[in-house]
Amino acid sequence: MKSLRTIALKEAQSRISPEVKSPSTKISEFFGVNVFDKKKMKDFLSKEVFEKLISSIDQGELINHEDANHIATAMKSWAMAKGATHYTHWFQPLTGSTAEKHDSFFEPSKDGAIEVFAGSALVQQEPDASSFPNGGIRNTFEARGYTAWDPSSPAFIMESKAGKTLCIPTVFVAYTGEALDYKAPLLKALSALDKAAVDVCQYFDKSITKVNASLGIEQEYFLVDLAMYNARPDLALTGRTLFGHMSAKGQQLEDHYFGSIPERVFTYMVDFENEALKLGIPLKTRHNEVAPSQFECAPIYEEINLAIDHNQLLMDLMEKVALRHNFKVLLHEKPYAGINGSGKHNNWSLITDTGKNLLSPGKTPKNNLMFLTFFVNTIKAVHEHADLLRASIASVSNDHRLGANEAPPAIISIFLGSQLADVLDEIESSRSIIKKVKSEDSLWLGIPKIPQISFDTTDRNRTSPFAFTGNKFELRAVGSSENSSAPMTVLNAIVADQLTKFKVEVDKLIKKGEKKDVALLTIIKKYLKESKDIRFEGNGYSQEWEEEAAKRGLSNIKTTPKALDAYLTEKTSELFTNTNIFSKRELHARHEILLESYYKKLQIEARVIGEVANSMIIPATIAYQNTLIENAKGLKDLGLGKDALETPLLIINKVSEHLGVLKTSIDKMLEERKKTNAIEDSREKAIGYDENVKSYFDTIRYHTDKLEQIVDDSVWPLPKFRELLFIK
């Protein structure tokens, strides 16, 4: 009987890519065709209702019932003209994936049937709130929760072979108002940032009335043949290989990065990009990443709420389209030990309604002071809330990646590049504050000229979790599978809070009689001194940095359960309640949900390790060992001497040694798992899984991987790394 591995190998080697046709050779001709964007709104809505909807999108004004009916009817007409038969509220519960419940436009009537979509159905629906993670906010018998339309993210049509569905982006909240999703807190954080940033902008430009956070998300991922994936229970159930010796050839030749894209992969990329572009996702870049079978795609910057919606939609699309090509997308942060894992770099900036990037230096002293204000306040915000930012990117899968060769360490620091670091040091140490000159700017500040940065003038320090790259900050520590809403909610909230405090301090000085520009620079210099410890230009992987960071008082929290404690501090509670983003109850609920997710995923991994080792690896090894024993007996029966038996006996002993440790470790791990499962407190249980259960994983893997190198290749049950990583 052929093994699953043998069947999978044969199937993978016979793959033929499906034919893919782009809707047009010009992307501009089909970009956003499945999106109910402003152009289509204008075509389907009356002028009056269109203007009200745009006002709601831009200013957050409420839409009345009559206008909601008008919009719903127009949306239905457009969707049905595109072939849609159903609609759904598309939301992002705390499961980490998206959710949807489809309803038909069809309704029976006296005369037969009609197609109906009321404003009430557009604006609000009622899924079961107790069936999603809620951290104790909802009881099982309290099932009511609401999805509420987010007009700022346009509706879209999701296509499949079986039909088309109108998807309406929404928030998801409990009956009592608490957020049960990622989007609601993000929208609140963006609102807080908008207000705080506009207030500070008024020092420089009275015409600025709105500030949007923009975001570009670089998505890294692995591809593996579907048959090979199905032959690996660990990949299928946990998203990563729990066993597997590294291939002799990995990424050491550095020949994959930016290399020629394999034809089969290229066909897949074109297919999912076409689907993404039709949904208005502005994908711009595709390339091979560092590790074998690792790739990246990246969009153009968008307003942050839309960018995150698009990223969530993109991950879903990538997985669906992959099946058409007999691929499986691996979004896990570390699917293979020994080679680079995957991240999701979040490139963040602030854009005014006048078109100015607040993190881009200008040509005049006034614009440079404006840049410095937002630049230094961001640094100060990260310094004040580094532990919270670390908590926002913590997960069981990202723990495998943080601090490894390709990912930033768990110590949060900021990299600015030598040019800007020197500028800030000069500003901090300069005694001269202000000097009058004859120019459009009545005041020149005693600071060096900051060149306008139109491209990345900094060295791309891959070891920095939070780096300035020309006209934006790049949060590089976000995991590839994660919803960027969590870290972006934190980042926007802490910057909003810091800008609010900055304005209070500046206004106090102005009230005392200081000139505005002097007051601004005085507080900027104060913040530079207070936040200097967070700035680091060197190698974040080095032992020297760990020691230096400890001297500076910077945290180095390496595992998720302890990192998540930052959500429950008084400082965090004050931050989120002041900005009206989370109540204390909601923070405790989030903390509970994240801890549960952590230990449940480790629980699954422990179970898979036990099952695969006991039912696949150990039996295959024993069978091979029996073959060796029969061989040794045969040699002895032939009357051959000690020298002839030395090698078989050596191999048998090695196999027995690894088998013994493997079986003992599995039994101990399973026993430890039983003890840990009995712990009721979620934090203690998560720590128990991290420190006691997970502690056996590496030992079990080590001895399994040693056996993989000994056991006859033809009987080893699991596809090997060399077979998983190199796509033909």
# chains A, B, ... in the order shown; residues from 1 in each chain; ligands from 1
$ select_by_dssp --residues "region 71-175 of chain A" --states "strand (DSSP E)" --output "PyMOL selection string"
chain A and resi 84-90+102-104+106-109+112-115+124-125+145-149+156-160+163-174
$ closest_atom_pairs --of "region 481-501 of chain A" --to "region 213-232 of chain A" --cutoff "12 Å" --atoms "only C-alpha atoms" --output "JSON lines"
{"residue": "A:Ser481", "atom": "CA", "partner": "A:Tyr221", "partner_atom": "CA", "distance": 8.8}
{"residue": "A:Glu482", "atom": "CA", "partner": "A:Gln219", "partner_atom": "CA", "distance": 10.4}
{"residue": "A:Asn483", "atom": "CA", "partner": "A:Ile217", "partner_atom": "CA", "distance": 10.7}
{"residue": "A:Ser484", "atom": "CA", "partner": "A:Ile217", "partner_atom": "CA", "distance": 8.5}
{"residue": "A:Ser485", "atom": "CA", "partner": "A:Leu215", "partner_atom": "CA", "distance": 10.9}
{"residue": "A:Pro487", "atom": "CA", "partner": "A:Leu215", "partner_atom": "CA", "distance": 12.0}
{"residue": "A:Met488", "atom": "CA", "partner": "A:Leu215", "partner_atom": "CA", "distance": 9.1}
{"residue": "A:Thr489", "atom": "CA", "partner": "A:Ala213", "partner_atom": "CA", "distance": 10.9}
{"residue": "A:Leu491", "atom": "CA", "partner": "A:Ala213", "partner_atom": "CA", "distance": 10.3}
{"residue": "A:Asn492", "atom": "CA", "partner": "A:Ala213", "partner_atom": "CA", "distance": 7.8}
{"residue": "A:Ala493", "atom": "CA", "partner": "A:Ala213", "partner_atom": "CA", "distance": 11.3}
{"residue": "A:Val495", "atom": "CA", "partner": "A:Ala213", "partner_atom": "CA", "distance": 10.8}
{"residue": "A:Ala496", "atom": "CA", "partner": "A:Ala213", "partner_atom": "CA", "distance": 10.9}
$ write_last_selection --atoms "all heavy atoms" --output "mmCIF file, in the first residue's frame"
data_model
loop_
_atom_site.group_PDB
_atom_site.id
_atom_site.type_symbol
_atom_site.label_atom_id
_atom_site.label_comp_id
_atom_site.auth_asym_id
_atom_site.auth_seq_id
_atom_site.Cartn_x
_atom_site.Cartn_y
_atom_site.Cartn_z
ATOM 1 N N SER A 481 -0.180 36.494 9.807
ATOM 2 C CA SER A 481 -1.562 35.998 9.861
ATOM 3 C C SER A 481 -2.494 36.928 10.630
ATOM 4 O O SER A 481 -3.703 36.726 10.655
ATOM 5 C CB SER A 481 -1.597 34.613 10.519
ATOM 6 O OG SER A 481 -1.237 34.709 11.898
ATOM 7 N N GLU A 482 -1.924 37.958 11.259
ATOM 8 C CA GLU A 482 -2.703 38.769 12.194
ATOM 9 C C GLU A 482 -3.547 39.832 11.497
ATOM 10 O O GLU A 482 -3.233 40.292 10.402
ATOM 11 C CB GLU A 482 -1.764 39.458 13.191
ATOM 12 C CG GLU A 482 -0.952 38.500 14.049
ATOM 13 C CD GLU A 482 -1.825 37.534 14.828
ATOM 14 O OE1 GLU A 482 -2.757 37.978 15.512
ATOM 15 O OE2 GLU A 482 -1.567 36.321 14.753
ATOM 16 N N ASN A 483 -4.621 40.237 12.174
ATOM 17 C CA ASN A 483 -5.410 41.383 11.760
ATOM 18 C C ASN A 483 -4.669 42.635 12.236
ATOM 19 O O ASN A 483 -4.429 42.802 13.430
ATOM 20 C CB ASN A 483 -6.807 41.308 12.390
ATOM 21 C CG ASN A 483 -7.741 42.383 11.867
ATOM 22 O OD1 ASN A 483 -7.347 43.523 11.643
ATOM 23 N ND2 ASN A 483 -8.999 42.026 11.677
ATOM 24 N N SER A 484 -4.309 43.503 11.307
ATOM 25 C CA SER A 484 -3.524 44.691 11.661
ATOM 26 C C SER A 484 -4.302 45.688 12.507
ATOM 27 O O SER A 484 -3.719 46.659 13.005
ATOM 28 C CB SER A 484 -3.028 45.392 10.386
ATOM 29 O OG SER A 484 -2.039 44.628 9.752
ATOM 30 N N SER A 485 -5.586 45.474 12.682
ATOM 31 C CA SER A 485 -6.389 46.397 13.481
ATOM 32 C C SER A 485 -5.871 46.528 14.906
ATOM 33 O O SER A 485 -5.877 47.624 15.469
ATOM 34 C CB SER A 485 -7.852 45.939 13.528
ATOM 35 O OG SER A 485 -8.480 46.123 12.289
ATOM 36 N N PRO A 487 -2.687 46.196 16.379
ATOM 37 C CA PRO A 487 -1.567 47.128 16.548
ATOM 38 C C PRO A 487 -1.874 48.527 16.052
ATOM 39 O O PRO A 487 -1.381 49.513 16.614
ATOM 40 C CB PRO A 487 -0.434 46.488 15.739
ATOM 41 C CG PRO A 487 -1.087 45.523 14.816
ATOM 42 C CD PRO A 487 -2.306 45.056 15.528
ATOM 43 N N MET A 488 -2.698 48.653 15.018
ATOM 44 C CA MET A 488 -3.026 49.981 14.503
ATOM 45 C C MET A 488 -3.979 50.734 15.441
ATOM 46 O O MET A 488 -3.930 51.961 15.535
ATOM 47 C CB MET A 488 -3.630 49.883 13.104
ATOM 48 C CG MET A 488 -2.607 49.561 12.032
ATOM 49 S SD MET A 488 -1.303 50.823 11.882
ATOM 50 C CE MET A 488 0.101 49.974 12.620
ATOM 51 N N THR A 489 -4.842 50.011 16.136
ATOM 52 C CA THR A 489 -5.670 50.649 17.166
ATOM 53 C C THR A 489 -4.774 51.221 18.259
ATOM 54 O O THR A 489 -4.940 52.361 18.688
ATOM 55 C CB THR A 489 -6.664 49.643 17.775
ATOM 56 O OG1 THR A 489 -7.582 49.224 16.760
ATOM 57 C CG2 THR A 489 -7.452 50.264 18.923
ATOM 58 N N LEU A 491 -1.438 51.944 18.058
ATOM 59 C CA LEU A 491 -0.563 53.007 17.559
ATOM 60 C C LEU A 491 -1.308 54.323 17.405
ATOM 61 O O LEU A 491 -0.832 55.384 17.842
ATOM 62 C CB LEU A 491 0.057 52.591 16.220
ATOM 63 C CG LEU A 491 0.994 53.617 15.574
ATOM 64 C CD1 LEU A 491 2.154 53.958 16.501
ATOM 65 C CD2 LEU A 491 1.518 53.100 14.239
ATOM 66 N N ASN A 492 -2.490 54.284 16.810
ATOM 67 C CA ASN A 492 -3.252 55.522 16.616
ATOM 68 C C ASN A 492 -3.747 56.090 17.939
ATOM 69 O O ASN A 492 -3.805 57.303 18.125
ATOM 70 C CB ASN A 492 -4.410 55.269 15.648
ATOM 71 C CG ASN A 492 -3.931 55.128 14.216
ATOM 72 O OD1 ASN A 492 -3.613 56.101 13.558
ATOM 73 N ND2 ASN A 492 -3.863 53.895 13.734
ATOM 74 N N ALA A 493 -4.086 55.195 18.875
ATOM 75 C CA ALA A 493 -4.554 55.653 20.186
ATOM 76 C C ALA A 493 -3.437 56.333 20.970
ATOM 77 O O ALA A 493 -3.641 57.390 21.574
ATOM 78 C CB ALA A 493 -5.116 54.477 20.985
ATOM 79 N N VAL A 495 -0.701 57.734 19.837
ATOM 80 C CA VAL A 495 -0.304 58.996 19.206
ATOM 81 C C VAL A 495 -1.362 60.065 19.464
ATOM 82 O O VAL A 495 -1.034 61.224 19.749
ATOM 83 C CB VAL A 495 -0.057 58.803 17.694
ATOM 84 C CG1 VAL A 495 0.190 60.152 17.010
ATOM 85 C CG2 VAL A 495 1.142 57.879 17.466
ATOM 86 N N ALA A 496 -2.639 59.678 19.403
ATOM 87 C CA ALA A 496 -3.719 60.632 19.715
ATOM 88 C C ALA A 496 -3.579 61.145 21.143
ATOM 89 O O ALA A 496 -3.676 62.358 21.399
ATOM 90 C CB ALA A 496 -5.078 59.959 19.525
#
$ residues_around --residues "Glu723 (chain A)" --least-positions-apart "5" --cutoff "12 Å" --atoms "only C-alpha atoms" --output "list in words"
Arg5, Thr6, Ala8, Leu9, Lys10, Ala12, Gln13, Val224, Asp225, Ala227, Met228, Tyr229, Ala231, Arg232, Gly244, His245, Met246, Ser247, Ala248, Lys249, Gly250, Pro292, Ser293, Leu718 and Lys728 of chain A
$ residues_around --residues "Ile54 (chain A)" --least-positions-apart "3" --cutoff "12 Å" --atoms "only C-alpha atoms" --output "ChimeraX atom specification"
/A:37-39,41-42,45,47-51,57-63,71,151-154
$ residues_around --residues "Glu384 (chain A)" --least-positions-apart "3" --cutoff "8 Å" --atoms "only C-alpha atoms" --output "list in words"
Lys380, Ala381 and Ser531 of chain A
$ write_last_selection --atoms "all heavy atoms" --output "mmCIF file, in the first residue's frame"
data_model
loop_
_atom_site.group_PDB
_atom_site.id
_atom_site.type_symbol
_atom_site.label_atom_id
_atom_site.label_comp_id
_atom_site.auth_asym_id
_atom_site.auth_seq_id
_atom_site.Cartn_x
_atom_site.Cartn_y
_atom_site.Cartn_z
ATOM 1 N N LYS A 380 7.710 59.804 21.111
ATOM 2 C CA LYS A 380 7.355 59.901 22.526
ATOM 3 C C LYS A 380 6.224 58.933 22.875
ATOM 4 O O LYS A 380 6.243 58.273 23.926
ATOM 5 C CB LYS A 380 6.941 61.342 22.839
ATOM 6 C CG LYS A 380 6.350 61.577 24.223
ATOM 7 C CD LYS A 380 7.362 61.507 25.333
ATOM 8 C CE LYS A 380 6.765 62.060 26.629
ATOM 9 N NZ LYS A 380 7.623 61.754 27.786
ATOM 10 N N ALA A 381 5.232 58.821 22.007
ATOM 11 C CA ALA A 381 4.099 57.918 22.248
ATOM 12 C C ALA A 381 4.559 56.472 22.339
ATOM 13 O O ALA A 381 4.138 55.718 23.228
ATOM 14 C CB ALA A 381 3.060 58.076 21.132
ATOM 15 N N SER A 531 12.428 60.705 25.660
ATOM 16 C CA SER A 531 12.186 59.488 24.865
ATOM 17 C C SER A 531 13.444 58.938 24.206
ATOM 18 O O SER A 531 13.375 58.016 23.397
ATOM 19 C CB SER A 531 11.141 59.770 23.780
ATOM 20 O OG SER A 531 11.599 60.777 22.890
#
$ residues_around --residues "region 275-288 of chain A" --least-positions-apart "3" --cutoff "9 Å" --atoms "only C-alpha atoms" --output "PyMOL selection string"
chain A and resi 27+30-35+37+156-159+256-261+269-272+291-302+307+310-311+313-314+317-318+321
$ atom_distance --atom1 "CA of Ala196 (chain A)" --atom2 "CA of Lys503 (chain A)"
8.5 Å
$ closest_residue --among "A:Ser413, A:Ser120, A:Ser682, A:Ser665" --to "Asp698 (chain A)" --atoms "only C-alpha atoms"
A:Ser665
$ atom_distance --atom1 "CA of Ile523 (chain A)" --atom2 "CA of Ile427 (chain A)"
11.6 Å
$ residues_around --residues "region 103-105 of chain A" --least-positions-apart "3" --cutoff "9 Å" --atoms "only C-alpha atoms" --output "PyMOL selection string"
chain A and resi 76+84-88+114-117
$ closest_residue --among "A:Ile524, A:Ile617, A:Ile339, A:Ala322" --to "Leu369 (chain A)" --atoms "only C-alpha atoms"
A:Ile524
$ closest_atom_pairs --of "region 128-208 of chain A" --to "region 566-590 of chain A" --cutoff "6 Å" --atoms "only C-alpha atoms" --output "tab-separated table"
residue	atom	partner	partner_atom	distance
A:Gly135	CA	A:Ala589	CA	4.0
A:Pro185	CA	A:Ile581	CA	5.5
A:Lys188	CA	A:Ile581	CA	5.5
$ atom_distance --atom1 "CA of Leu186 (chain A)" --atom2 "CA of Glu596 (chain A)"
22.0 Å
$ closest_residue --among "A:Asp43, A:Asp713, A:Glu273, A:Glu605" --to "Pro23 (chain A)" --atoms "only C-alpha atoms"
A:Glu273
$ decode --residues "region 625-642 of chain A" --atoms "N, CA, C and O atoms" --output "compact mmCIF listing (two decimals), in the first residue's frame"
# COMPACT_ATOMS: atom_id res chain seq x y z
N GLN A 625 13.25 -0.30 12.10
CA GLN A 625 14.14 -0.93 13.08
C GLN A 625 14.07 -2.46 12.97
O GLN A 625 15.09 -3.14 13.06
N ASN A 626 12.86 -2.97 12.77
CA ASN A 626 12.70 -4.42 12.61
C ASN A 626 13.44 -4.92 11.37
O ASN A 626 14.01 -6.02 11.37
N THR A 627 13.42 -4.10 10.33
CA THR A 627 14.16 -4.46 9.11
C THR A 627 15.65 -4.53 9.40
O THR A 627 16.36 -5.45 8.94
N LEU A 628 16.14 -3.58 10.20
CA LEU A 628 17.56 -3.58 10.58
C LEU A 628 17.90 -4.81 11.43
O LEU A 628 18.97 -5.42 11.27
N ILE A 629 16.96 -5.15 12.33
CA ILE A 629 17.19 -6.31 13.20
C ILE A 629 17.26 -7.60 12.38
O ILE A 629 18.13 -8.45 12.60
N GLU A 630 16.34 -7.72 11.41
CA GLU A 630 16.35 -8.90 10.53
C GLU A 630 17.65 -8.95 9.73
O GLU A 630 18.22 -10.02 9.51
N ASN A 631 18.10 -7.75 9.32
CA ASN A 631 19.37 -7.69 8.58
C ASN A 631 20.53 -8.16 9.44
O ASN A 631 21.40 -8.95 9.00
N ALA A 632 20.54 -7.67 10.71
CA ALA A 632 21.62 -8.06 11.63
C ALA A 632 21.59 -9.56 11.91
O ALA A 632 22.64 -10.23 11.95
N LYS A 633 20.37 -10.11 12.09
CA LYS A 633 20.24 -11.56 12.32
C LYS A 633 20.75 -12.34 11.12
O LYS A 633 21.43 -13.37 11.26
N GLY A 634 20.41 -11.84 9.93
CA GLY A 634 20.85 -12.53 8.71
C GLY A 634 22.36 -12.55 8.58
O GLY A 634 22.96 -13.56 8.19
N LEU A 635 22.99 -11.40 8.93
CA LEU A 635 24.45 -11.33 8.87
C LEU A 635 25.08 -12.30 9.86
O LEU A 635 26.09 -12.97 9.57
N LYS A 636 24.46 -12.37 11.04
CA LYS A 636 24.98 -13.27 12.07
C LYS A 636 24.81 -14.73 11.66
O LYS A 636 25.71 -15.56 11.86
N ASP A 637 23.64 -15.06 11.06
CA ASP A 637 23.37 -16.43 10.61
C ASP A 637 24.35 -16.86 9.52
O ASP A 637 24.66 -18.05 9.38
N LEU A 638 24.84 -15.87 8.75
CA LEU A 638 25.81 -16.18 7.71
C LEU A 638 27.19 -16.44 8.28
O LEU A 638 28.11 -16.82 7.56
N GLY A 639 27.30 -16.18 9.61
CA GLY A 639 28.57 -16.44 10.27
C GLY A 639 29.57 -15.32 10.14
O GLY A 639 30.77 -15.52 10.38
N LEU A 640 29.08 -14.14 9.73
CA LEU A 640 29.98 -12.99 9.60
C LEU A 640 30.41 -12.51 10.98
O LEU A 640 29.68 -12.63 11.96
N GLY A 641 31.55 -11.92 11.06
CA GLY A 641 32.12 -11.54 12.33
C GLY A 641 31.58 -10.23 12.90
O GLY A 641 30.66 -9.60 12.37
N LYS A 642 32.22 -9.82 13.99
CA LYS A 642 31.81 -8.63 14.73
C LYS A 642 31.86 -7.37 13.88
O LYS A 642 31.00 -6.50 13.97
